[in-house]
file work22.csv (CSV, C-alpha atoms)
chain,number,residue,atom,x,y,z
O,1,MET,CA,170.2,134.9,68.1
O,2,LYS,CA,167.5,134.2,65.5
O,3,GLU,CA,170.2,132.8,63.2
O,4,ARG,CA,171.3,130.4,65.8
O,5,LEU,CA,167.7,129.2,66.1
O,6,TYR,CA,167.4,128.8,62.4
O,7,ARG,CA,170.6,126.9,62.2
O,8,ILE,CA,169.5,124.5,64.9
O,9,THR,CA,166.2,124.0,63.3
O,10,ASP,CA,167.8,123.4,59.9
O,11,ARG,CA,170.1,120.8,61.5
O,12,LEU,CA,167.2,119.1,63.1
O,13,VAL,CA,165.2,118.9,60.0
O,14,SER,CA,168.1,117.7,58.0
O,15,TYR,CA,168.8,115.0,60.6
O,16,ALA,CA,165.1,113.9,60.5
O,17,ARG,CA,165.2,113.8,56.7
O,18,ARG,CA,168.4,111.8,56.5
O,19,LYS,CA,166.9,109.2,58.9
O,20,SER,CA,163.7,108.6,57.0
O,21,PRO,CA,163.7,108.5,53.3
O,22,TRP,CA,160.3,107.4,52.1
O,23,ILE,CA,160.2,105.5,48.9
O,24,LEU,CA,157.6,105.2,46.1
O,25,HIS,CA,158.0,102.2,43.8
O,26,MET,CA,156.4,102.5,40.4
O,27,ASP,CA,156.3,99.8,37.8
O,28,THR,CA,155.7,101.3,34.5
O,29,GLY,CA,154.5,98.2,32.7
O,30,GLY,CA,157.5,95.9,32.5
O,31,CYS,CA,157.9,92.2,33.0
O,32,ASN,CA,157.9,92.6,36.8
O,33,GLY,CA,161.3,91.0,37.1
O,34,CYS,CA,162.8,94.2,38.6
O,35,SER,CA,159.8,94.7,40.8
O,36,ILE,CA,160.3,91.3,42.4
O,37,GLU,CA,163.9,92.1,43.1
O,38,LEU,CA,162.8,95.4,44.5
O,39,PHE,CA,160.4,93.7,46.9
O,40,ALA,CA,163.3,91.6,48.0
O,41,VAL,CA,165.1,94.8,49.0
O,42,LEU,CA,162.1,95.8,51.1
O,43,THR,CA,162.1,92.5,53.1
O,44,PRO,CA,164.3,91.8,56.1
O,45,ARG,CA,167.1,90.0,54.3
O,46,PHE,CA,168.4,93.0,52.3
O,47,ASP,CA,166.4,95.5,54.4
O,48,ILE,CA,166.0,99.0,53.3
O,49,GLU,CA,164.1,99.7,56.5
O,50,ARG,CA,167.3,99.9,58.6
O,51,PHE,CA,168.0,103.1,56.7
O,52,GLY,CA,164.6,104.4,57.5
O,53,GLY,CA,163.1,103.6,54.1
O,54,VAL,CA,159.4,102.8,54.1
O,55,SER,CA,157.4,102.0,51.0
O,56,LYS,CA,154.6,104.4,50.5
O,57,ALA,CA,151.8,104.4,47.9
O,58,ASN,CA,151.3,108.1,47.5
O,59,PRO,CA,153.9,110.3,45.7
O,60,ARG,CA,153.0,113.3,47.9
O,61,HIS,CA,154.4,111.5,50.9
O,62,THR,CA,157.7,110.3,49.4
O,63,ASP,CA,161.2,111.5,48.8
O,64,ILE,CA,162.6,108.8,46.5
O,65,LEU,CA,161.1,107.5,43.3
O,66,LEU,CA,162.2,104.0,42.4
O,67,ILE,CA,161.0,103.4,38.9
O,68,ASP,CA,161.4,100.2,36.9
O,69,GLY,CA,159.8,98.6,33.9
O,70,ALA,CA,159.8,99.9,30.3
O,71,VAL,CA,157.8,103.1,30.0
O,72,THR,CA,154.7,102.4,27.9
O,73,LYS,CA,152.8,104.9,25.8
O,74,LYS,CA,149.8,104.6,28.0
O,75,ILE,CA,151.5,105.3,31.3
O,76,ARG,CA,153.7,108.2,30.2
O,77,PRO,CA,151.4,111.1,31.2
O,78,ARG,CA,150.6,109.4,34.5
O,79,LEU,CA,154.3,109.0,35.2
O,80,ARG,CA,155.0,112.6,34.6
O,81,ARG,CA,152.2,113.6,36.9
O,82,ILE,CA,153.6,111.4,39.6
O,83,TYR,CA,157.0,113.0,39.2
O,84,GLU,CA,155.4,116.5,39.5
O,85,GLN,CA,153.4,115.5,42.6
O,86,THR,CA,156.5,114.4,44.5
O,87,PRO,CA,157.7,117.4,46.7
O,88,GLU,CA,161.2,118.7,46.5
O,89,PRO,CA,163.9,117.7,47.5
O,90,LYS,CA,163.6,114.4,45.6
O,91,VAL,CA,165.7,111.8,43.9
O,92,VAL,CA,164.8,109.6,41.0
O,93,ILE,CA,166.3,106.1,40.5
O,94,ALA,CA,165.9,104.2,37.3
O,95,VAL,CA,166.0,100.4,38.0
O,96,GLY,CA,166.7,97.9,35.3
O,97,ALA,CA,167.7,97.9,31.7
O,98,CYS,CA,164.2,98.7,30.4
O,99,ALA,CA,164.0,101.9,32.4
O,100,ILE,CA,167.5,103.0,31.4
O,101,SER,CA,167.3,102.3,27.7
O,102,LYS,CA,164.1,100.4,26.8
O,103,GLY,CA,166.1,97.1,27.2
O,104,ILE,CA,164.8,94.1,25.4
O,105,PHE,CA,161.6,95.9,24.3
O,106,HIS,CA,163.5,98.6,22.4
O,107,ASP,CA,161.6,97.9,19.2
O,108,ALA,CA,158.2,97.1,20.5
O,109,TYR,CA,155.0,98.8,19.3
O,110,ASN,CA,153.9,99.9,22.8
O,111,ILE,CA,157.0,101.3,24.3
O,112,ASP,CA,157.8,105.0,24.6
O,113,GLY,CA,161.2,106.6,25.3
O,114,PRO,CA,163.4,105.5,28.3
O,115,LEU,CA,162.8,107.0,31.7
O,116,ASP,CA,165.1,110.0,31.3
O,117,GLU,CA,162.9,111.4,28.5
O,118,VAL,CA,160.0,111.7,31.0
O,119,MET,CA,161.9,113.0,34.1
O,120,PRO,CA,165.4,113.8,35.1
O,121,VAL,CA,167.0,110.7,36.5
O,122,ASP,CA,169.7,110.8,39.2
O,123,VAL,CA,170.8,107.2,39.7
O,124,TYR,CA,170.8,104.4,37.1
O,125,VAL,CA,170.9,100.8,38.4
O,126,PRO,CA,171.7,98.5,35.4
O,127,GLY,CA,170.8,94.9,35.2
O,128,CYS,CA,168.1,92.6,33.9
O,129,PRO,CA,167.1,92.3,36.7
O,130,PRO,CA,169.7,93.9,38.9
O,131,LYS,CA,170.4,92.0,42.1
O,132,PRO,CA,168.8,93.3,45.3
O,133,GLU,CA,172.3,94.2,46.5
O,134,ALA,CA,172.8,96.4,43.4
O,135,ILE,CA,169.5,98.1,43.9
O,136,LEU,CA,170.4,98.7,47.5
O,137,GLN,CA,173.7,100.3,46.5
O,138,GLY,CA,171.8,102.5,44.1
O,139,VAL,CA,169.5,103.6,46.8
O,140,LEU,CA,172.4,104.5,49.1
O,141,LYS,CA,174.1,106.5,46.3
O,142,ALA,CA,170.8,108.3,45.9
O,143,LEU,CA,170.6,109.0,49.6
O,144,LYS,CA,174.0,110.7,49.5
O,145,LEU,CA,172.9,112.8,46.6
O,146,TRP,CA,169.7,113.6,48.3
O,147,GLU,CA,171.5,114.8,51.4
O,148,SER,CA,173.4,117.3,49.3
O,149,ARG,CA,170.1,118.7,48.2
O,150,TYR,CA,168.3,119.3,51.5
O,151,THR,CA,171.3,120.5,53.6
O,152,VAL,CA,171.7,124.2,53.5
N,153,MET,CA,130.2,65.2,21.0
N,154,THR,CA,131.0,65.5,17.3
N,155,LYS,CA,127.6,67.1,16.6
N,156,LEU,CA,128.0,69.4,19.5
N,157,TYR,CA,131.4,71.0,18.7
N,158,GLY,CA,131.8,70.7,15.0
N,159,GLU,CA,134.6,68.7,13.3
N,160,ILE,CA,136.9,67.4,16.1
N,161,TYR,CA,140.4,66.9,14.7
N,162,ARG,CA,142.2,66.0,17.9
N,163,LYS,CA,141.3,64.7,21.3
N,164,GLN,CA,143.7,64.1,24.2
N,165,GLY,CA,142.4,63.4,27.6
N,166,ARG,CA,140.3,66.4,28.6
N,167,PHE,CA,141.4,68.5,25.7
N,168,VAL,CA,139.3,68.6,22.6
N,169,TYR,CA,140.3,70.5,19.4
N,170,ALA,CA,137.6,71.2,17.0
N,171,ARG,CA,137.1,73.2,13.8
N,172,VAL,CA,134.0,75.0,12.8
N,173,GLY,CA,133.0,76.8,9.6
N,174,ARG,CA,131.9,80.4,9.8
N,175,LYS,CA,128.3,79.8,9.0
N,176,GLN,CA,127.7,77.1,11.6
N,177,PHE,CA,129.7,78.9,14.2
N,178,MET,CA,126.9,80.7,16.1
N,179,ARG,CA,124.7,77.7,16.1
N,180,VAL,CA,127.5,75.6,17.6
N,181,MET,CA,128.1,78.1,20.3
N,182,GLU,CA,124.5,78.3,21.3
N,183,ASN,CA,124.1,74.6,21.3
N,184,ALA,CA,127.2,74.0,23.3
N,185,ARG,CA,126.1,76.5,25.9
N,186,LYS,CA,122.6,75.1,26.1
N,187,LYS,CA,123.5,71.5,26.3
N,188,THR,CA,126.6,71.7,28.6
N,189,GLY,CA,126.3,74.9,30.5
N,190,GLY,CA,130.0,75.6,29.9
N,191,ARG,CA,131.8,78.9,29.8
N,192,ILE,CA,134.1,80.8,27.5
N,193,SER,CA,137.6,80.8,29.0
N,194,SER,CA,139.3,82.9,26.4
N,195,ILE,CA,139.2,84.1,22.8
N,196,SER,CA,142.4,84.6,20.9
N,197,GLY,CA,143.3,85.3,17.3
N,198,ARG,CA,146.1,84.4,15.0
N,199,ASP,CA,147.2,85.7,11.7
N,200,ALA,CA,147.8,82.5,9.7
N,201,GLY,CA,149.1,84.0,6.5
N,202,LYS,CA,146.2,83.1,4.2
N,203,SER,CA,143.4,83.6,6.7
N,204,MET,CA,142.9,84.6,10.3
N,205,GLU,CA,142.0,82.0,12.9
N,206,ILE,CA,140.0,82.8,15.9
N,207,LEU,CA,140.2,80.3,18.8
N,208,TYR,CA,137.4,80.0,21.4
N,209,THR,CA,138.3,78.1,24.5
N,210,PHE,CA,135.2,76.7,26.0
N,211,ILE,CA,135.3,74.9,29.3
N,212,THR,CA,132.7,72.4,30.5
N,213,GLY,CA,132.9,70.4,33.7
N,214,GLU,CA,134.7,67.5,32.0
N,215,HIS,CA,136.3,68.9,28.8
N,216,VAL,CA,138.3,71.9,27.6
N,217,VAL,CA,137.2,72.5,24.1
N,218,ASN,CA,139.2,74.7,21.6
N,219,ILE,CA,137.0,75.7,18.7
N,220,LYS,CA,138.8,77.3,15.8
N,221,VAL,CA,137.1,79.5,13.2
N,222,GLU,CA,138.7,80.8,10.1
N,223,VAL,CA,137.8,84.1,8.7
N,224,ASP,CA,138.8,85.9,5.5
N,225,ARG,CA,142.0,87.9,5.8
N,226,ARG,CA,141.0,90.9,3.8
N,227,LYS,CA,137.7,91.4,5.6
N,228,PRO,CA,137.8,89.7,9.0
N,229,VAL,CA,134.3,89.8,10.4
N,230,ILE,CA,132.6,87.4,12.7
N,231,GLU,CA,129.5,87.4,14.9
N,232,SER,CA,130.0,88.3,18.5
N,233,VAL,CA,129.2,85.8,21.3
N,234,SER,CA,128.9,88.5,23.9
N,235,LYS,CA,125.1,88.1,24.0
N,236,LEU,CA,125.6,84.5,25.1
N,237,PHE,CA,128.7,85.0,27.2
N,238,PRO,CA,128.9,88.6,28.5
N,239,ALA,CA,132.5,88.3,29.6
N,240,ALA,CA,133.6,87.4,26.1
N,241,SER,CA,133.3,91.0,25.2
N,242,LEU,CA,136.7,91.8,26.8
N,243,TYR,CA,138.4,89.1,24.8
N,244,GLU,CA,136.8,90.2,21.6
N,245,ARG,CA,138.0,93.7,22.3
N,246,GLU,CA,141.5,92.5,22.6
N,247,THR,CA,141.3,90.4,19.4
N,248,TYR,CA,139.9,93.4,17.6
N,249,GLU,CA,142.7,95.8,18.7
N,250,MET,CA,145.5,93.4,18.0
N,251,LEU,CA,144.3,91.9,14.7
N,252,GLY,CA,141.5,94.1,13.5
N,253,VAL,CA,138.8,91.4,13.6
N,254,LEU,CA,135.3,93.0,13.7
N,255,PHE,CA,132.8,91.3,16.0
N,256,GLU,CA,129.4,92.2,14.9
N,257,GLY,CA,127.0,92.7,17.8
N,258,ASN,CA,129.5,93.7,20.3
N,259,GLU,CA,128.5,97.3,21.3
N,260,GLU,CA,131.7,98.1,23.2
N,261,LEU,CA,134.3,97.3,20.5
N,262,GLU,CA,137.2,99.6,21.3
N,263,ASN,CA,140.8,99.3,22.5
N,264,ILE,CA,141.2,97.7,25.8
N,265,LEU,CA,145.0,97.4,26.3
N,266,LEU,CA,146.6,99.5,23.6
N,267,ASP,CA,146.9,103.2,23.8
N,268,SER,CA,144.6,105.2,21.6
N,269,LYS,CA,147.7,106.8,20.0
N,270,LEU,CA,148.4,103.6,18.2
N,271,SER,CA,144.9,103.5,16.8
N,272,PRO,CA,144.7,102.6,13.2
N,273,ARG,CA,147.4,100.0,13.6
N,274,PHE,CA,146.9,96.3,14.3
N,275,PRO,CA,150.2,95.1,15.8
N,276,LEU,CA,149.8,91.4,15.6
N,277,ARG,CA,149.2,91.3,11.9
N,278,LYS,CA,152.0,89.9,9.8
N,279,GLU,CA,152.4,93.0,7.8
N,280,ASP,CA,152.9,95.2,10.8
N,281,LYS,CA,156.5,96.4,11.1
N,282,HIS,CA,156.8,96.5,14.9
N,283,GLY,CA,160.4,95.5,14.7
N,284,LYS,CA,161.1,99.1,13.6
N,285,GLY,CA,159.5,100.8,16.6
call {"tool": "encode", "arguments": {"input": "work22.csv", "output": "structure tokens"}}
result
Amino acid sequence: MKERLYRITDRLVSYARRKSPWILHMDTGGCNGCSIELFAVLTPRFDIERFGGVSKANPRHTDILLIDGAVTKKIRPRLRRIYEQTPEPKVVIAVGACAISKGIFHDAYNIDGPLDEVMPVDVYVPGCPPKPEAILQGVLKALKLWESRYTV
Amino acid sequence: MTKLYGEIYRKQGRFVYARVGRKQFMRVMENARKKTGGRISSISGRDAGKSMEILYTFITGEHVVNIKVEVDRRKPVIESVSKLFPAASLYERETYEMLGVLFEGNEELENILLDSKLSPRFPLRKEDKHGKG
């Protein structure tokens, strides 16, 4: 009897999670090209909100980390802290060439390792900048991966 | 206007380009501020091979004046204008951290944009090897 109750509750919570992935966007000091394409994804034309995605400013409220820009030396400890403040289950998406492999700034004096040296990345969206449709596809892939993490 | 801004070598509409020696520099700045009430818009530096050039962009109501001062490359020191223009302190900090120019009289001369891990390094100097990471 209790197991049935737990199962129903789990199903309910999983359903609620699937319908509302909250997103944190973090620009780690790039040229802002990827950020602007990302804002386009949040607007009604490419619309992430039809999947339940809302952009939040606090990592403790979010499930998905959308990180773009080249990781600078100054922001690296803050970035790590943001990753650790986000509660499980979470997904990390690296947007743009700079987040994946330092991009065009690979030999600059101010740039630290690419994003996967700071935190484990689940989805990479390549491009400089990637089109909003590509970012949206990346987010959908991440949503599927995320679902496999919270369903029991 | 020649006496006000030093040796003007180019004038184009509102834009005035002038050159000033290191010794007359402070007097020119005080004069310009007193006579015209203008403001410092930005201070930037350049490593010009044989010397370092520091450019002060000074805006009055009718002109935009670019005053260039040359300092010695091996010991780049110049007086700070932050007593006259308090906001200039931020630009002087940036020129200091990128080129290593010391602004005497600026009490808050430290890194403003660069990480402190990069500290004894001045990235915008010609000899800096920032192409190698």
call {"tool": "closest_atom_pairs", "arguments": {"input": "work22.csv", "of": "chain N", "to": "chain O", "cutoff": "12 Å", "atoms": "all atoms listed in the file", "output": "JSON lines"}}
result
{"residue": "N:Met250", "atom": "CA", "partner": "O:Tyr109", "partner_atom": "CA", "distance": 11.0}
{"residue": "N:Asn263", "atom": "CA", "partner": "O:Lys74", "partner_atom": "CA", "distance": 11.8}
{"residue": "N:Ile264", "atom": "CA", "partner": "O:Lys74", "partner_atom": "CA", "distance": 11.2}
{"residue": "N:Leu265", "atom": "CA", "partner": "O:Lys74", "partner_atom": "CA", "distance": 8.8}
{"residue": "N:Leu266", "atom": "CA", "partner": "O:Asn110", "partner_atom": "CA", "distance": 7.4}
{"residue": "N:Asp267", "atom": "CA", "partner": "O:Lys74", "partner_atom": "CA", "distance": 5.3}
{"residue": "N:Ser268", "atom": "CA", "partner": "O:Lys74", "partner_atom": "CA", "distance": 8.3}
{"residue": "N:Lys269", "atom": "CA", "partner": "O:Lys73", "partner_atom": "CA", "distance": 8.0}
{"residue": "N:Leu270", "atom": "CA", "partner": "O:Asn110", "partner_atom": "CA", "distance": 8.1}
{"residue": "N:Ser271", "atom": "CA", "partner": "O:Asn110", "partner_atom": "CA", "distance": 11.4}
{"residue": "N:Arg273", "atom": "CA", "partner": "O:Tyr109", "partner_atom": "CA", "distance": 9.6}
{"residue": "N:Phe274", "atom": "CA", "partner": "O:Tyr109", "partner_atom": "CA", "distance": 9.8}
{"residue": "N:Pro275", "atom": "CA", "partner": "O:Tyr109", "partner_atom": "CA", "distance": 7.0}
{"residue": "N:Leu276", "atom": "CA", "partner": "O:Tyr109", "partner_atom": "CA", "distance": 9.8}
{"residue": "N:Asp280", "atom": "CA", "partner": "O:Tyr109", "partner_atom": "CA", "distance": 9.5}
{"residue": "N:Lys281", "atom": "CA", "partner": "O:Tyr109", "partner_atom": "CA", "distance": 8.7}
{"residue": "N:His282", "atom": "CA", "partner": "O:Tyr109", "partner_atom": "CA", "distance": 5.3}
{"residue": "N:Gly283", "atom": "CA", "partner": "O:Asp107", "partner_atom": "CA", "distance": 5.2}
{"residue": "N:Lys284", "atom": "CA", "partner": "O:Asp107", "partner_atom": "CA", "distance": 5.7}
{"residue": "N:Gly285", "atom": "CA", "partner": "O:Asp107", "partner_atom": "CA", "distance": 4.4}
call {"tool": "residues_around", "arguments": {"input": "work22.csv", "residues": "range 131-136 of chain O", "least_positions_apart": "3", "cutoff": "10 Å", "atoms": "all atoms listed in the file", "output": "JSON, numbers by chain"}}
result
{"O": [34, 36, 37, 38, 39, 40, 41, 42, 45, 46, 47, 48, 66, 93, 94, 95, 96, 124, 125, 126, 127, 128, 139, 140, 141, 142]}
call {"tool": "residues_around", "arguments": {"input": "work22.csv", "residues": "Ser20 in chain O", "least_positions_apart": "2", "cutoff": "8 Å", "atoms": "all atoms listed in the file", "output": "list in words"}}
result
Ala16, Arg17, Arg18, Trp22, Phe51, Gly52, Gly53 and Val54 of chain O
call {"tool": "write_last_selection", "arguments": {"input": "work22.csv", "atoms": "C-alpha atoms", "output": "PDB file, in the frame of the given file"}}
result
ATOM      1  CA  ALA O  16     165.100 113.900  60.500  1.00  0.00           C
ATOM      2  CA  ARG O  17     165.200 113.800  56.700  1.00  0.00           C
ATOM      3  CA  ARG O  18     168.400 111.800  56.500  1.00  0.00           C
ATOM      4  CA  TRP O  22     160.300 107.400  52.100  1.00  0.00           C
ATOM      5  CA  PHE O  51     168.000 103.100  56.700  1.00  0.00           C
ATOM      6  CA  GLY O  52     164.600 104.400  57.500  1.00  0.00           C
ATOM      7  CA  GLY O  53     163.100 103.600  54.100  1.00  0.00           C
ATOM      8  CA  VAL O  54     159.400 102.800  54.100  1.00  0.00           C
TER       9      VAL O  54
END
call {"tool": "residues_around", "arguments": {"input": "work22.csv", "residues": "Val216 in chain N", "least_positions_apart": "5", "cutoff": "8 Å", "atoms": "only C-alpha atoms", "output": "MDAnalysis selection string"}}
result
chainID N and resid 166:168 209:211
call {"tool": "write_last_selection", "arguments": {"input": "work22.csv", "atoms": "C-alpha atoms", "output": "CSV table (one decimal), in the coordinates of the input"}}
result
chain,number,residue,atom,x,y,z
N,166,ARG,CA,140.3,66.4,28.6
N,167,PHE,CA,141.4,68.5,25.7
N,168,VAL,CA,139.3,68.6,22.6
N,209,THR,CA,138.3,78.1,24.5
N,210,PHE,CA,135.2,76.7,26.0
N,211,ILE,CA,135.3,74.9,29.3
call {"tool": "closest_residue", "arguments": {"input": "work22.csv", "among": "O:Val91, O:Ile8, O:Ile104, O:Ala57", "to": "Gly69 in chain O", "atoms": "all atoms listed in the file"}}
result
O:Ile104
call {"tool": "residues_around", "arguments": {"input": "work22.csv", "residues": "Ser14 in chain O", "least_positions_apart": "6", "cutoff": "10 Å", "atoms": "all atoms listed in the file", "output": "PDB file with C-alpha atoms, in the coordinates of the input"}}
result
ATOM      1  CA  ILE O   8     169.500 124.500  64.900  1.00  0.00           C
ATOM      2  CA  GLU O 147     171.500 114.800  51.400  1.00  0.00           C
ATOM      3  CA  TYR O 150     168.300 119.300  51.500  1.00  0.00           C
ATOM      4  CA  THR O 151     171.300 120.500  53.600  1.00  0.00           C
ATOM      5  CA  VAL O 152     171.700 124.200  53.500  1.00  0.00           C
TER       6      VAL O 152
END
call {"tool": "residues_around", "arguments": {"input": "work22.csv", "residues": "Glu159 in chain N", "least_positions_apart": "5", "cutoff": "12 Å", "atoms": "only C-alpha atoms", "output": "VMD selection string"}}
result
chain N and resid 153 to 154 168 to 173 176 to 177 180 217 to 221
call {"tool": "atom_distance", "arguments": {"input": "work22.csv", "atom1": "CA of Leu251 in chain N", "atom2": "CA of Arg277 in chain N"}}
result
5.7 Å
call {"tool": "closest_residue", "arguments": {"input": "work22.csv", "among": "O:Leu12, O:Ala97, O:Leu5, O:Ile82", "to": "Gly30 in chain O", "atoms": "all atoms listed in the file"}}
result
O:Ala97
call {"tool": "atom_distance", "arguments": {"input": "work22.csv", "atom1": "CA of Tyr15 in chain O", "atom2": "CA of Leu145 in chain O"}}
result
14.8 Å
call {"tool": "residues_near_point", "arguments": {"input": "work22.csv", "point": "(159.1, 102.2, 47.8)", "cutoff": "6 Å", "atoms": "all atoms listed in the file", "output": "list of chain:residue names"}}
result
O:Ile23, O:Leu24, O:His25, O:Ser55, O:Lys56
call {"tool": "atom_distance", "arguments": {"input": "work22.csv", "atom1": "CA of Phe255 in chain N", "atom2": "CA of Asp224 in chain N"}}
result
13.2 Å
call {"tool": "closest_residue", "arguments": {"input": "work22.csv", "among": "O:Glu49, O:Asp122, O:Asp10, O:Asp116", "to": "Ile100 in chain O", "atoms": "all atoms listed in the file"}}
result
O:Asp116
call {"tool": "decode", "arguments": {"input": "work22.csv", "residues": "range 218-277 of chain N", "atoms": "C-alpha atoms", "output": "short mmCIF file (atom, residue, chain, number, x, y, z; two decimals), in the first residue's frame"}}
result
data_model
loop_
_atom_site.label_atom_id
_atom_site.label_comp_id
_atom_site.auth_asym_id
_atom_site.auth_seq_id
_atom_site.Cartn_x
_atom_site.Cartn_y
_atom_site.Cartn_z
CA ASN N 218 43.29 64.20 -27.50
CA ILE N 219 46.46 65.05 -25.61
CA LYS N 220 49.36 62.71 -26.10
CA VAL N 221 52.25 62.45 -23.63
CA GLU N 222 55.36 60.38 -24.23
CA VAL N 223 57.12 58.67 -21.35
CA ASP N 224 60.36 56.75 -21.18
CA ARG N 225 59.95 53.07 -21.90
CA ARG N 226 62.32 51.70 -19.31
CA LYS N 227 60.84 53.72 -16.47
CA PRO N 228 57.29 54.78 -17.35
CA VAL N 229 56.22 57.27 -14.68
CA ILE N 230 53.86 60.21 -14.96
CA GLU N 231 51.91 62.39 -12.57
CA SER N 232 48.36 61.38 -11.85
CA VAL N 233 45.48 63.67 -12.74
CA SER N 234 43.18 62.03 -10.21
CA LYS N 235 43.38 65.02 -7.91
CA LEU N 236 41.90 67.20 -10.65
CA PHE N 237 39.57 64.60 -12.13
CA PRO N 238 38.62 61.96 -9.55
CA ALA N 239 37.14 59.60 -12.15
CA ALA N 240 40.46 59.47 -13.98
CA SER N 241 41.69 57.13 -11.27
CA LEU N 242 39.90 54.17 -12.90
CA TYR N 243 41.53 54.75 -16.28
CA GLU N 244 44.92 55.17 -14.69
CA ARG N 245 44.49 51.85 -12.96
CA GLU N 246 43.75 50.17 -16.26
CA THR N 247 46.73 51.76 -17.99
CA TYR N 248 48.88 50.69 -15.08
CA GLU N 249 47.78 47.07 -15.13
CA MET N 250 48.10 46.69 -18.89
CA LEU N 251 51.30 48.63 -19.55
CA GLY N 252 52.97 49.11 -16.21
CA VAL N 253 52.86 52.91 -16.22
CA LEU N 254 53.12 54.30 -12.70
CA PHE N 255 50.88 57.26 -11.91
CA GLU N 256 52.38 59.17 -9.05
CA GLY N 257 49.79 60.56 -6.70
CA ASN N 258 47.15 57.96 -7.38
CA GLU N 259 46.60 56.22 -4.06
CA GLU N 260 44.50 53.39 -5.40
CA LEU N 261 46.85 52.10 -8.07
CA GLU N 262 46.07 48.41 -8.37
CA ASN N 263 44.55 45.96 -10.84
CA ILE N 264 41.05 46.79 -11.93
CA LEU N 265 40.21 44.26 -14.63
CA LEU N 266 42.98 41.71 -14.60
CA ASP N 267 43.07 38.85 -12.16
CA SER N 268 45.67 39.16 -9.43
CA LYS N 269 47.10 35.80 -10.56
CA LEU N 270 48.55 37.54 -13.59
CA SER N 271 50.20 40.10 -11.37
CA PRO N 272 53.77 40.89 -12.32
CA ARG N 273 52.85 40.73 -15.98
CA PHE N 274 51.88 43.63 -18.22
CA PRO N 275 49.99 42.08 -21.15
CA LEU N 276 49.88 45.01 -23.56
CA ARG N 277 53.62 45.54 -23.70
#
